[in-house]
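start_30.cif, holding mmCIF, C-alpha atoms:
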```
data_work
#
loop_
_atom_site.label_atom_id
_atom_site.label_comp_id
_atom_site.auth_asym_id
_atom_site.auth_seq_id
_atom_site.Cartn_x
_atom_site.Cartn_y
_atom_site.Cartn_z
CA MET A 1 14.94 2.66 -45.01
CA ARG A 2 15.21 6.46 -44.76
CA ILE A 3 13.90 9.10 -42.37
CA THR A 4 11.60 11.41 -44.33
CA GLY A 5 9.93 13.71 -41.81
CA TYR A 6 8.45 14.36 -38.42
CA ARG A 7 5.25 15.59 -36.83
CA THR A 8 4.63 17.07 -33.39
CA LEU A 9 1.51 16.84 -31.28
CA THR A 10 0.45 18.07 -27.87
CA THR A 11 -1.98 16.16 -25.68
CA VAL A 12 -2.59 16.17 -21.91
CA GLN A 13 -2.18 13.97 -18.88
CA ASP A 14 -5.32 14.47 -16.82
CA TRP A 15 -4.80 13.33 -13.24
CA GLY A 16 -8.25 14.36 -12.05
CA ARG A 17 -6.66 15.95 -8.98
CA PRO A 18 -3.94 18.48 -8.10
CA VAL A 19 -0.37 17.41 -8.88
CA GLY A 20 2.90 19.06 -7.99
CA ASP A 21 5.95 19.29 -5.78
CA ALA A 22 7.81 21.72 -3.53
CA ASN A 23 8.09 24.18 -6.42
CA GLY A 24 4.34 24.45 -7.01
CA VAL A 25 1.11 22.67 -7.88
CA PHE A 26 -1.03 22.32 -11.00
CA ALA A 27 -4.39 22.75 -9.30
CA ASP A 28 -6.39 21.39 -12.24
CA GLY A 29 -4.19 18.31 -12.59
CA VAL A 30 -4.02 18.77 -16.37
CA VAL A 31 -0.44 18.60 -17.60
CA PRO A 32 0.58 19.09 -21.25
CA VAL A 33 2.38 16.18 -22.92
CA SER A 34 4.43 16.70 -26.08
CA ILE A 35 4.76 13.97 -28.70
CA VAL A 36 7.19 13.58 -31.60
CA ILE A 37 6.41 11.21 -34.48
CA VAL A 38 9.23 10.32 -36.90
CA GLU A 39 8.27 9.11 -40.38
CA THR A 40 10.13 6.86 -42.83
CA ASP A 41 9.88 6.01 -46.52
CA GLU A 42 8.74 2.48 -45.65
CA GLY A 43 5.68 3.63 -43.75
CA ILE A 44 7.02 2.78 -40.28
CA THR A 45 6.62 5.61 -37.80
CA GLY A 46 8.24 5.93 -34.39
CA VAL A 47 6.90 7.71 -31.32
CA GLY A 48 8.79 9.66 -28.69
CA LEU A 49 7.14 11.38 -25.73
CA GLY A 50 9.05 14.57 -25.06
CA PRO A 51 9.55 18.20 -26.06
CA HIS A 52 10.20 19.53 -29.54
CA VAL A 53 12.27 22.61 -28.79
CA GLU A 54 14.66 23.48 -31.66
CA ILE A 55 13.46 20.33 -33.41
CA GLU A 56 13.93 21.65 -36.94
CA ARG A 57 17.62 22.26 -36.29
CA ILE A 58 18.08 18.91 -34.54
CA PHE A 59 16.10 16.95 -37.13
CA ALA A 60 18.53 18.10 -39.80
CA ALA A 61 21.06 15.74 -38.23
CA ILE A 62 18.96 12.67 -39.00
CA GLU A 63 16.89 13.58 -42.05
CA GLY A 64 17.51 11.15 -44.91
CA GLU A 65 19.43 8.74 -42.68
CA ASP A 66 18.65 5.10 -41.95
CA PRO A 67 16.79 5.20 -38.60
CA ARG A 68 18.25 1.87 -37.56
CA ALA A 69 21.64 3.53 -36.98
CA VAL A 70 20.23 4.86 -33.72
CA THR A 71 23.28 5.36 -31.53
CA THR A 72 25.27 6.98 -34.34
CA LEU A 73 22.37 9.32 -35.07
CA TYR A 74 22.16 10.20 -31.37
CA ASP A 75 25.73 11.46 -31.51
CA ARG A 76 24.97 13.38 -34.72
CA MET A 77 22.14 15.19 -32.90
CA LEU A 78 24.48 16.08 -30.05
CA ARG A 79 26.99 17.47 -32.55
CA HIS A 80 24.31 19.57 -34.22
CA THR A 81 23.71 21.35 -30.91
CA PHE A 82 27.41 21.68 -30.08
CA LYS A 83 27.73 25.47 -30.10
CA ALA A 84 24.53 26.40 -28.29
CA GLY A 85 24.64 23.33 -26.01
CA HIS A 86 22.22 20.48 -25.53
CA ALA A 87 20.95 21.15 -21.98
CA GLY A 88 17.35 21.50 -20.86
CA PRO A 89 14.47 20.91 -23.26
CA VAL A 90 16.89 20.64 -26.21
CA PHE A 91 18.25 17.49 -24.58
CA GLY A 92 14.64 16.33 -24.19
CA THR A 93 14.04 16.88 -27.90
CA ILE A 94 17.08 14.79 -28.75
CA GLY A 95 15.76 12.15 -26.36
CA ALA A 96 12.29 12.15 -27.93
CA LEU A 97 13.76 11.70 -31.42
CA ASP A 98 16.13 9.03 -30.15
CA THR A 99 13.25 7.11 -28.54
CA ALA A 100 11.26 7.32 -31.77
CA LEU A 101 14.22 5.90 -33.70
CA TRP A 102 14.50 2.96 -31.31
CA ASP A 103 10.77 2.41 -31.81
CA ILE A 104 11.30 2.28 -35.58
CA LYS A 105 14.32 -0.01 -35.30
CA ALA A 106 12.43 -2.54 -33.17
CA GLN A 107 9.33 -2.38 -35.39
CA ALA A 108 11.50 -3.03 -38.46
CA ALA A 109 12.90 -6.09 -36.69
CA GLY A 110 9.39 -7.23 -35.76
CA GLU A 111 10.23 -7.36 -32.05
CA PRO A 112 9.31 -5.45 -28.90
CA LEU A 113 12.13 -3.11 -27.98
CA TRP A 114 12.82 -4.93 -24.72
CA ARG A 115 13.65 -8.10 -26.64
CA LEU A 116 15.68 -6.27 -29.32
CA LEU A 117 17.83 -4.72 -26.58
CA GLY A 118 18.53 -8.12 -25.07
CA GLY A 119 16.04 -8.20 -22.23
CA ARG A 120 15.05 -11.62 -20.88
CA ASP A 121 12.24 -10.66 -18.49
CA ARG A 122 9.44 -8.30 -19.54
CA ARG A 123 8.63 -7.46 -15.91
CA VAL A 124 10.11 -4.22 -14.53
CA THR A 125 9.94 -3.46 -10.81
CA ALA A 126 7.95 -0.30 -10.00
CA TYR A 127 7.37 2.12 -7.13
CA ALA A 128 4.43 4.48 -6.64
CA SER A 129 4.95 8.22 -7.06
CA GLY A 130 1.86 10.41 -6.84
CA LEU A 131 3.23 13.98 -7.30
CA ASP A 132 1.13 14.44 -4.20
CA ILE A 133 2.21 17.54 -2.31
CA GLY A 134 -1.09 19.29 -3.09
CA LEU A 135 -3.28 16.53 -1.61
CA THR A 136 -5.02 16.50 1.74
CA ASP A 137 -4.35 13.60 4.07
CA ASP A 138 -7.53 11.83 3.03
CA GLU A 139 -6.74 12.29 -0.65
CA LEU A 140 -3.20 11.05 -0.09
CA VAL A 141 -4.46 7.87 1.57
CA SER A 142 -7.00 7.28 -1.20
CA ALA A 143 -4.37 7.76 -3.90
CA TYR A 144 -1.96 5.26 -2.41
CA GLU A 145 -4.74 2.75 -1.76
CA VAL A 146 -5.15 2.66 -5.55
CA TYR A 147 -1.43 2.04 -6.02
CA ALA A 148 -1.56 -0.65 -3.33
CA ARG A 149 -4.35 -2.47 -5.15
CA HIS A 150 -1.94 -2.80 -8.09
CA GLY A 151 0.62 -4.45 -5.85
CA LEU A 152 2.90 -1.46 -5.26
CA ARG A 153 4.82 -1.87 -2.00
CA ALA A 154 7.24 1.04 -2.29
CA ALA A 155 6.32 4.71 -2.59
CA LYS A 156 7.91 8.12 -3.03
CA ILE A 157 6.10 11.19 -1.74
CA LYS A 158 6.78 14.83 -2.51
CA GLY A 159 7.88 17.09 0.33
CA GLY A 160 10.49 19.57 1.46
CA LEU A 161 8.35 22.45 2.74
CA ASP A 162 7.41 21.25 6.24
CA ILE A 163 9.35 18.41 7.83
CA GLU A 164 6.62 17.58 10.34
CA ARG A 165 4.06 17.33 7.56
CA ASP A 166 6.46 15.21 5.50
CA ARG A 167 6.92 12.77 8.37
CA HIS A 168 3.18 12.60 9.01
CA ARG A 169 2.47 11.89 5.34
CA LEU A 170 5.16 9.23 5.21
CA TYR A 171 3.46 7.54 8.16
CA LEU A 172 0.11 7.63 6.34
CA VAL A 173 1.55 6.04 3.20
CA ARG A 174 3.43 3.47 5.26
CA GLU A 175 0.18 2.43 6.96
CA VAL A 176 -1.60 2.03 3.62
CA LEU A 177 1.16 -0.09 2.11
CA THR A 178 1.71 -2.13 5.29
CA GLU A 179 -1.95 -3.04 5.47
CA ALA A 180 -2.04 -3.95 1.78
CA GLY A 181 1.11 -6.04 2.22
CA HIS A 182 -0.35 -7.91 5.20
CA GLY A 183 2.19 -6.47 7.58
CA LEU A 184 5.23 -6.58 5.31
CA ARG A 185 7.42 -3.51 5.71
CA PRO A 186 7.09 -1.16 2.70
CA GLY A 187 9.79 0.99 1.14
CA LEU A 188 9.58 4.77 1.51
CA MET A 189 11.32 7.58 -0.36
CA LEU A 190 11.10 11.38 -0.12
CA ASP A 191 11.63 13.77 -3.04
CA VAL A 192 12.19 17.44 -2.20
CA ASN A 193 13.09 18.68 -5.71
CA GLU A 194 16.15 20.71 -4.70
CA ALA A 195 14.25 22.66 -2.03
CA TRP A 196 16.94 22.59 0.69
CA ASN A 197 20.48 23.73 1.34
CA ARG A 198 23.08 21.27 2.62
CA LYS A 199 22.57 21.81 6.36
CA GLN A 200 18.79 21.75 6.03
CA ALA A 201 18.97 18.47 4.13
CA VAL A 202 21.06 16.71 6.78
CA ARG A 203 19.02 18.14 9.66
CA HIS A 204 15.64 17.32 8.15
CA VAL A 205 16.48 13.82 6.96
CA CYS A 206 18.10 12.94 10.29
CA GLU A 207 14.93 14.11 12.02
CA ILE A 208 12.80 11.81 9.85
CA GLU A 209 15.22 8.95 10.37
CA ARG A 210 14.73 9.05 14.13
CA THR A 211 11.41 7.23 13.59
CA LEU A 212 11.26 6.18 9.92
CA ASP A 213 13.52 4.33 7.53
CA LEU A 214 13.99 5.96 4.13
CA ILE A 215 15.34 4.12 1.10
CA TRP A 216 16.43 7.38 -0.46
CA ILE A 217 16.17 11.15 -0.34
CA GLU A 218 15.83 12.59 -3.83
CA GLU A 219 17.46 15.82 -4.99
CA PRO A 220 18.01 17.18 -1.47
CA VAL A 221 20.13 20.06 -2.82
CA ARG A 222 20.89 21.47 -6.26
CA ARG A 223 21.36 18.89 -8.97
CA TRP A 224 24.91 19.97 -9.88
CA ASP A 225 26.21 20.38 -6.29
CA ALA A 226 28.54 17.39 -6.11
CA GLU A 227 30.18 18.53 -2.87
CA GLY A 228 26.81 19.26 -1.27
CA LEU A 229 25.19 15.98 -2.31
CA ALA A 230 28.23 14.10 -1.00
CA ALA A 231 28.02 15.97 2.30
CA VAL A 232 24.35 15.08 2.63
CA GLY A 233 25.13 11.43 1.86
CA ARG A 234 27.76 11.33 4.62
CA GLY A 235 25.42 12.88 7.16
CA ILE A 236 22.38 10.58 6.76
CA ARG A 237 21.57 6.88 6.61
CA ALA A 238 19.37 7.03 3.49
CA SER A 239 20.77 6.85 -0.01
CA VAL A 240 20.98 10.02 -2.10
CA ALA A 241 19.14 9.80 -5.43
CA THR A 242 19.62 12.30 -8.24
CA GLY A 243 20.06 12.57 -11.99
CA GLU A 244 16.63 13.12 -13.51
CA ASN A 245 17.55 16.67 -14.52
CA LEU A 246 21.08 15.95 -15.72
CA THR A 247 21.72 16.16 -19.45
CA GLY A 248 24.61 14.03 -20.60
CA LEU A 249 27.35 11.83 -19.18
CA GLU A 250 29.53 14.88 -18.58
CA GLN A 251 27.12 15.94 -15.82
CA TYR A 252 27.07 12.52 -14.14
CA ARG A 253 30.85 12.11 -14.00
CA PRO A 254 31.62 14.72 -11.29
CA LEU A 255 28.79 13.46 -9.07
CA ILE A 256 29.94 9.85 -9.29
CA ALA A 257 33.59 10.86 -8.80
CA ALA A 258 32.68 12.78 -5.64
CA GLY A 259 30.63 9.91 -4.19
CA ALA A 260 27.64 12.26 -4.35
CA VAL A 261 25.03 9.85 -5.71
CA ASP A 262 23.89 6.42 -4.50
CA ILE A 263 20.89 5.93 -6.83
CA VAL A 264 21.54 7.15 -10.38
CA GLN A 265 18.36 8.43 -12.01
CA MET A 266 17.55 9.22 -15.63
CA ALA A 267 14.44 10.96 -16.91
CA ALA A 268 12.30 9.40 -19.62
CA VAL A 269 12.76 12.49 -21.80
CA GLY A 270 16.51 11.84 -21.94
CA GLY A 271 15.92 8.98 -24.35
CA VAL A 272 16.93 5.34 -24.57
CA THR A 273 20.52 5.82 -25.73
CA HIS A 274 21.24 8.23 -22.88
CA PHE A 275 19.77 5.75 -20.40
CA LEU A 276 21.88 2.88 -21.72
CA ARG A 277 25.08 4.93 -21.60
CA ALA A 278 24.42 6.39 -18.15
CA SER A 279 23.52 2.91 -16.88
CA ALA A 280 26.85 1.56 -18.13
CA LEU A 281 28.68 4.43 -16.41
CA ALA A 282 26.82 3.75 -13.16
CA HIS A 283 27.42 0.00 -13.45
CA ALA A 284 31.16 0.62 -13.75
CA HIS A 285 30.93 2.17 -10.26
CA ASP A 286 28.59 -0.50 -8.81
CA LEU A 287 25.70 1.96 -8.63
CA PRO A 288 22.03 1.09 -9.31
CA VAL A 289 19.87 3.03 -11.75
CA SER A 290 16.24 4.11 -11.59
CA PRO A 291 14.19 5.64 -14.47
CA ILE A 292 12.02 8.67 -13.73
CA GLY A 293 8.87 9.84 -15.50
CA ASN A 294 5.20 9.19 -16.04
CA SER A 295 5.16 5.62 -17.40
CA PRO A 296 8.67 6.03 -18.90
CA VAL A 297 7.99 3.40 -21.55
CA GLY A 298 11.23 3.71 -23.52
CA LEU A 299 13.34 3.40 -20.41
CA LEU A 300 11.24 0.50 -19.14
CA HIS A 301 12.13 -1.45 -22.26
CA ALA A 302 15.79 -0.49 -21.84
CA ALA A 303 15.76 -1.35 -18.13
CA THR A 304 15.19 -5.02 -18.95
CA SER A 305 18.62 -5.16 -20.58
CA VAL A 306 20.85 -3.51 -17.95
CA PRO A 307 22.24 -5.40 -14.94
CA ASN A 308 21.92 -2.56 -12.42
CA HIS A 309 18.26 -1.54 -12.72
CA LEU A 310 16.74 -1.06 -9.25
CA THR A 311 13.17 0.18 -9.73
CA SER A 312 11.20 2.48 -12.05
CA GLU A 313 8.81 5.31 -11.22
CA LEU A 314 5.08 4.77 -11.71
CA GLN A 315 3.13 8.01 -11.61
CA ASP A 316 -0.33 8.00 -13.19
CA LEU A 317 -1.88 4.60 -13.84
CA HIS A 318 -3.43 5.92 -17.06
CA PRO A 319 -1.55 7.09 -20.16
CA PRO A 320 -1.99 10.56 -21.67
CA VAL A 321 -5.16 11.27 -23.65
CA GLY A 322 -5.02 9.67 -27.09
CA VAL A 323 -2.05 7.47 -26.18
CA ALA A 324 -2.25 3.68 -25.82
CA ILE A 325 0.70 1.70 -24.44
CA ASP A 326 1.12 -2.06 -24.58
CA LEU A 327 1.91 -2.59 -20.91
CA HIS A 328 0.04 -3.09 -17.67
CA VAL A 329 0.79 -3.00 -13.96
CA GLU A 330 0.29 -5.99 -11.68
CA ASP A 331 1.91 -7.28 -8.50
CA GLY A 332 3.99 -4.12 -8.25
CA VAL A 333 5.67 -4.39 -11.65
CA PHE A 334 5.30 -3.00 -15.16
CA VAL A 335 4.56 -5.87 -17.53
CA LEU A 336 5.67 -5.05 -21.07
CA GLY A 337 3.77 -6.46 -24.04
CA ASP A 338 4.76 -8.17 -27.29
CA SER A 339 3.87 -5.38 -29.74
CA PRO A 340 6.79 -4.55 -32.05
CA GLY A 341 8.70 -1.46 -31.01
CA LEU A 342 7.63 0.47 -27.93
CA GLY A 343 4.03 -0.67 -28.19
CA VAL A 344 2.87 2.97 -28.23
CA ARG A 345 -0.03 3.94 -30.46
CA ILE A 346 -1.27 7.49 -31.00
CA ASP A 347 -4.93 8.25 -31.73
CA GLU A 348 -4.58 11.63 -33.41
CA GLU A 349 -8.32 11.93 -34.00
CA ALA A 350 -8.98 11.52 -30.29
CA ILE A 351 -6.43 14.21 -29.54
CA ARG A 352 -7.85 16.58 -32.14
CA ALA A 353 -11.40 16.05 -30.87
CA ALA A 354 -10.39 16.83 -27.32
CA SER A 355 -11.64 19.89 -25.52
CA ARG A 356 -9.80 19.81 -22.17
CA ARG A 357 -6.80 22.08 -22.02
CA PRO A 358 -4.44 23.04 -19.21
CA GLU A 359 -5.39 26.19 -17.34
CA ALA A 360 -3.30 29.28 -17.93
CA ARG A 361 -0.15 28.92 -15.84
CA THR A 362 0.95 31.50 -13.31
CA ALA A 363 4.42 32.31 -12.03
CA ASP A 364 4.09 29.42 -9.58
CA GLY A 365 4.25 25.82 -10.73
CA PRO A 366 6.28 22.60 -10.49
CA ASN A 367 8.54 23.70 -13.33
CA ILE A 368 9.40 27.09 -11.81
CA ARG A 369 11.87 27.28 -8.92
CA PRO A 370 10.56 29.52 -6.10
CA GLU A 371 12.59 32.63 -5.39
CA ARG A 372 13.40 31.55 -1.82
CA ALA A 373 14.00 27.84 -2.38
CA GLY A 374 16.87 26.76 -0.15
CA ARG A 375 16.52 29.97 1.92
CA ARG A 376 13.27 29.38 3.80
CA LEU A 377 13.64 30.04 7.51
CA LEU A 378 10.31 28.58 8.63
CA ALA A 379 8.12 25.77 7.31
CA GLY A 380 5.50 26.93 4.85
CA ALA A 381 6.77 30.50 4.92
CA ASP A 382 8.54 32.71 2.40
CA GLY A 383 6.26 32.09 -0.53
CA SER A 384 5.90 28.31 -0.21
CA PRO A 385 3.06 26.73 -2.21
CA THR A 386 -0.18 26.65 -0.28
CA VAL A 387 -1.06 23.31 1.31
CA ARG A 388 -4.69 22.36 0.64
CA PRO A 389 -6.86 21.88 3.74
CA ILE A 390 -8.27 18.49 4.72
CA ARG A 391 -11.69 17.80 3.26
CA VAL A 392 -14.16 15.42 4.83
CA ASP A 393 -15.30 13.96 1.51
CA PRO A 394 -12.27 13.85 -0.79
CA PRO A 395 -12.88 13.45 -4.52
CA ALA A 396 -12.03 10.26 -6.36
CA VAL A 397 -8.34 9.99 -7.11
CA MET A 398 -8.48 7.95 -10.31
CA PRO A 399 -7.87 10.16 -13.35
CA ILE A 400 -10.84 11.17 -15.47
CA GLN A 401 -10.35 10.25 -19.10
CA THR A 402 -10.92 13.61 -20.75
CA ARG A 403 -9.27 14.77 -23.91
CA GLY A 404 -6.54 17.22 -24.73
CA GLU A 405 -5.51 19.44 -27.58
CA VAL A 406 -3.42 18.90 -30.65
CA SER A 407 -0.80 21.24 -32.08
CA PRO A 408 0.30 19.57 -35.28
CA ASN A 409 3.41 20.71 -37.07
CA SER A 410 4.88 18.82 -39.98
CA HIS A 411 8.21 18.65 -41.73
CA ARG A 412 8.67 16.63 -44.90
#
```

Produce structure tokens that represent the structure in this file.
Amino acid sequence: MRITGYRTLTTVQDWGRPVGDANGVFADGVVPVSIVIVETDEGITGVGLGPHVEIERIFAAIEGEDPRAVTTLYDRMLRHTFKAGHAGPVFGTIGALDTALWDIKAQAAGEPLWRLLGGRDRRVTAYASGLDIGLTDDELVSAYEVYARHGLRAAKIKGGLDIERDRHRLYLVREVLTEAGHGLRPGLMLDVNEAWNRKQAVRHVCEIERTLDLIWIEEPVRRWDAEGLAAVGRGIRASVATGENLTGLEQYRPLIAAGAVDIVQMAAVGGVTHFLRASALAHAHDLPVSPIGNSPVGLLHAATSVPNHLTSELQDLHPPVGVAIDLHVEDGVFVLGDSPGLGVRIDEEAIRAASRRPEARTADGPNIRPERAGRRLLAGADGSPTVRPIRVDPPAVMPIQTRGEVSPNSHR
């Protein structure tokens, strides 16, 4: 079997409500989703959800190769980006191609990827994560009631701009999950997306911990600040979680060496091989791992095969427009199916026929760090994203199944 080409598509994830974090909010809730499809001479195609930045240069590393040599090809892609570096979206492109190759390998073997990788149990523990900083209190409650109906008993909210508001919102989510769990104590996490400096992080988390128990605080300071993350970890009771924005084992090593991370995270766009290697590194230091992303299907399959998986992030309960995934959520877990490969199918006609597109983005948004992040003196001041007011009749929180756009590019 040989790799013969690739195609790229762009669809959307339509949340039907605002989504975002301390860095900004997508008010329309429509988020672009990039897709890479790798083709072979035997008609098997693999799918990877992720960017396609510099893909022509990276694809040259695997063109004409046997796709089943996945881990070797992963290293070839890293070598092809050696001079310019593989950070940022380039790392995501490598991850998308890598995931597509694992999809092909498992399809060729006639097995779901979780079984090919050595997984025994198709069920993967999940926690709810609503990207919810732009929601009113009523909308927040409604959103987590939906998660609760799917059995989710742990939740991560977005915060970092106003500690009193964060605590209040944590209370609201705790009440929803406690009621759904018939009084059982839920798990709570807070993600501030690198919005604080070291002293702010310790002060704010300690304030929350006077009345609430947090499982972890996520990215309390900059992702690469090993000394700062370690200082935060020493000053609070909660675990420190980080890693979703790291690109390669070389970036994890100093954090682990400094005792700066308690929960090792990997983003879905990093790819399956990266997840497996980072999980092995974490396991060598008795650290748990937790995949990050919107239904991170490749990492869910891989999580079944590692001994130190803790829990995986569940964001939207619906896949992107034109994407079908052989998994479902029940009793608080992802349940993977038996379809060969990843179980991901792309309906390109549905994507092409779509009319919904993301609104034009401004200088503010979840992917753009605010100028005064880490230097805000007062809550909600200094250019912080606007918090939406409470509305008496909040809209439904379940995503509306509208359609996105397609941007096909081919290489054969």

Measuring atom to atom with all atoms listed in the file, identify which of A:Tyr74, A:Phe91, A:Tyr127, A:Phe26 is nearest to Ser295 of chain A.
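Nearest to Ser295 of chain A: A:Tyr127.
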
Just so the selection is clear, what residues does the PyMOL selection byres ((chain A and resi 346) around 9) cover here, as a PyMOL selection string?
chain A and resi 47+322-325+344-345+347-351

Skip Val192 of chain A itself and residues of its chain fewer than 2 positions away, then list as a list in words all residues within 9 Å of it, counting all atoms listed in the file.
Asp21, Ala22, Asn23, Ile157, Lys158, Gly159, Gly160, Leu161, Leu190, Glu194, Ala195, Trp196, Ile217, Glu218, Glu219, Pro220 and Val221 of chain A

For Ala201 of chain A, which of A:Pro307, A:Gly29, A:Gly235, A:Pro340 is the closest residue, counting all atoms listed in the file?
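So, comparing all the options, the nearest one is A:Gly235.
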
Please evaluate the PyMOL selection byres ((chain A and resi 134) around 6) against the structure above and give the resulting residues as a ChimeraX atom specification.
/A:18,132-133,135,387

Would you write out, as a PyMOL selection string, every residue that the PyMOL selection byres ((chain A and resi 39) around 12) captures in this file?
chain A and resi 1-8+36-38+40-48+59+62-67+97+100-101+103-104+410-412

Can you write just those residues out, C-alpha atoms, as a PDB file, in the coordinates of the input?
```
ATOM      1  CA  MET A   1      14.940   2.660 -45.010  1.00  0.00           C
ATOM      2  CA  ARG A   2      15.210   6.460 -44.760  1.00  0.00           C
ATOM      3  CA  ILE A   3      13.900   9.100 -42.370  1.00  0.00           C
ATOM      4  CA  THR A   4      11.600  11.410 -44.330  1.00  0.00           C
ATOM      5  CA  GLY A   5       9.930  13.710 -41.810  1.00  0.00           C
ATOM      6  CA  TYR A   6       8.450  14.360 -38.420  1.00  0.00           C
ATOM      7  CA  ARG A   7       5.250  15.590 -36.830  1.00  0.00           C
ATOM      8  CA  THR A   8       4.630  17.070 -33.390  1.00  0.00           C
ATOM      9  CA  VAL A  36       7.190  13.580 -31.600  1.00  0.00           C
ATOM     10  CA  ILE A  37       6.410  11.210 -34.480  1.00  0.00           C
ATOM     11  CA  VAL A  38       9.230  10.320 -36.900  1.00  0.00           C
ATOM     12  CA  THR A  40      10.130   6.860 -42.830  1.00  0.00           C
ATOM     13  CA  ASP A  41       9.880   6.010 -46.520  1.00  0.00           C
ATOM     14  CA  GLU A  42       8.740   2.480 -45.650  1.00  0.00           C
ATOM     15  CA  GLY A  43       5.680   3.630 -43.750  1.00  0.00           C
ATOM     16  CA  ILE A  44       7.020   2.780 -40.280  1.00  0.00           C
ATOM     17  CA  THR A  45       6.620   5.610 -37.800  1.00  0.00           C
ATOM     18  CA  GLY A  46       8.240   5.930 -34.390  1.00  0.00           C
ATOM     19  CA  VAL A  47       6.900   7.710 -31.320  1.00  0.00           C
ATOM     20  CA  GLY A  48       8.790   9.660 -28.690  1.00  0.00           C
ATOM     21  CA  PHE A  59      16.100  16.950 -37.130  1.00  0.00           C
ATOM     22  CA  ILE A  62      18.960  12.670 -39.000  1.00  0.00           C
ATOM     23  CA  GLU A  63      16.890  13.580 -42.050  1.00  0.00           C
ATOM     24  CA  GLY A  64      17.510  11.150 -44.910  1.00  0.00           C
ATOM     25  CA  GLU A  65      19.430   8.740 -42.680  1.00  0.00           C
ATOM     26  CA  ASP A  66      18.650   5.100 -41.950  1.00  0.00           C
ATOM     27  CA  PRO A  67      16.790   5.200 -38.600  1.00  0.00           C
ATOM     28  CA  LEU A  97      13.760  11.700 -31.420  1.00  0.00           C
ATOM     29  CA  ALA A 100      11.260   7.320 -31.770  1.00  0.00           C
ATOM     30  CA  LEU A 101      14.220   5.900 -33.700  1.00  0.00           C
ATOM     31  CA  ASP A 103      10.770   2.410 -31.810  1.00  0.00           C
ATOM     32  CA  ILE A 104      11.300   2.280 -35.580  1.00  0.00           C
ATOM     33  CA  SER A 410       4.880  18.820 -39.980  1.00  0.00           C
ATOM     34  CA  HIS A 411       8.210  18.650 -41.730  1.00  0.00           C
ATOM     35  CA  ARG A 412       8.670  16.630 -44.900  1.00  0.00           C
TER      36      ARG A 412
END
```

Atomic distance atom CA of Gly243 of chain A - atom CA of Arg76 of chain A, expressed in Å with one decimal:
23.3 Å

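Of the residues listed (A:Ala268, A:Ala257, A:Val321, A:Ile58), A:Ile58 shows the shortest atom-to-atom separation from Arg79 of chain A; distances use all atoms listed in the file.
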
From the set A:Leu310, A:Ala27, A:Leu300, A:Val335, which residue has the shortest atom-to-atom contact distance to Ile215 of chain A, counting all atoms listed in the file?
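For Ile215 of chain A, the nearest of the candidates is A:Leu310.
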
Which residue gives the smallest distance to Gly233 of chain A among A:Asp316, A:Ala148, A:Arg198, A:Ala96, with only C-alpha atoms counted?
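Once distances to Gly233 of chain A are computed over only C-alpha atoms, the minimum belongs to A:Arg198.
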
Compare A:Ala260, A:Ile35, A:Val205, A:Ala109 by their minimum atom-to-atom distance to Gly92 of chain A, counting all atoms listed in the file, and give me the closest one.
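Of A:Ala260, A:Ile35, A:Val205, A:Ala109, the one nearest Gly92 of chain A, counting all atoms listed in the file, is A:Ile35.
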
Show me as a ChimeraX atom specification the residues that reach within 9 Å of (18.3, 12.4, -28.0), counting only C-alpha atoms and using the file's own coordinates.
/A:73-75,77-78,90-99,269-274

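Distance-wise, atom CA of Leu342 of chain A and atom CA of Asp121 of chain A end up 15.3 Å apart.
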
Report, in Å to a single decimal, how far apart atom CA of Leu255 of chain A and atom CA of Ala226 of chain A are.
4.9 Å

Excluding Arg210 of chain A and its own-chain neighbours fewer than 6 positions away, which residues fall within 12 Å of it when counting only C-alpha atoms? Please give them as a PDB file with C-alpha atoms, in the coordinates of the input.
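Dumped everything to around.pdb:
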```pdb
ATOM      1  CA  ARG A 167       6.920  12.770   8.370  1.00  0.00           C
ATOM      2  CA  ARG A 203      19.020  18.140   9.660  1.00  0.00           C
ATOM      3  CA  HIS A 204      15.640  17.320   8.150  1.00  0.00           C
ATOM      4  CA  ILE A 236      22.380  10.580   6.760  1.00  0.00           C
ATOM      5  CA  ARG A 237      21.570   6.880   6.610  1.00  0.00           C
ATOM      6  CA  ALA A 238      19.370   7.030   3.490  1.00  0.00           C
TER       7      ALA A 238
END
```

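Applying the 8 Å criterion to (15.2, -7.0, -22.9) in file coordinates and using all atoms listed in the file, one obtains the residues A:Leu113, A:Trp114, A:Arg115, A:Leu116, A:Leu117, A:Gly118, A:Gly119, A:Arg120, A:Asp121, A:Arg122, A:His301, A:Ala302, A:Ala303, A:Thr304, A:Ser305.
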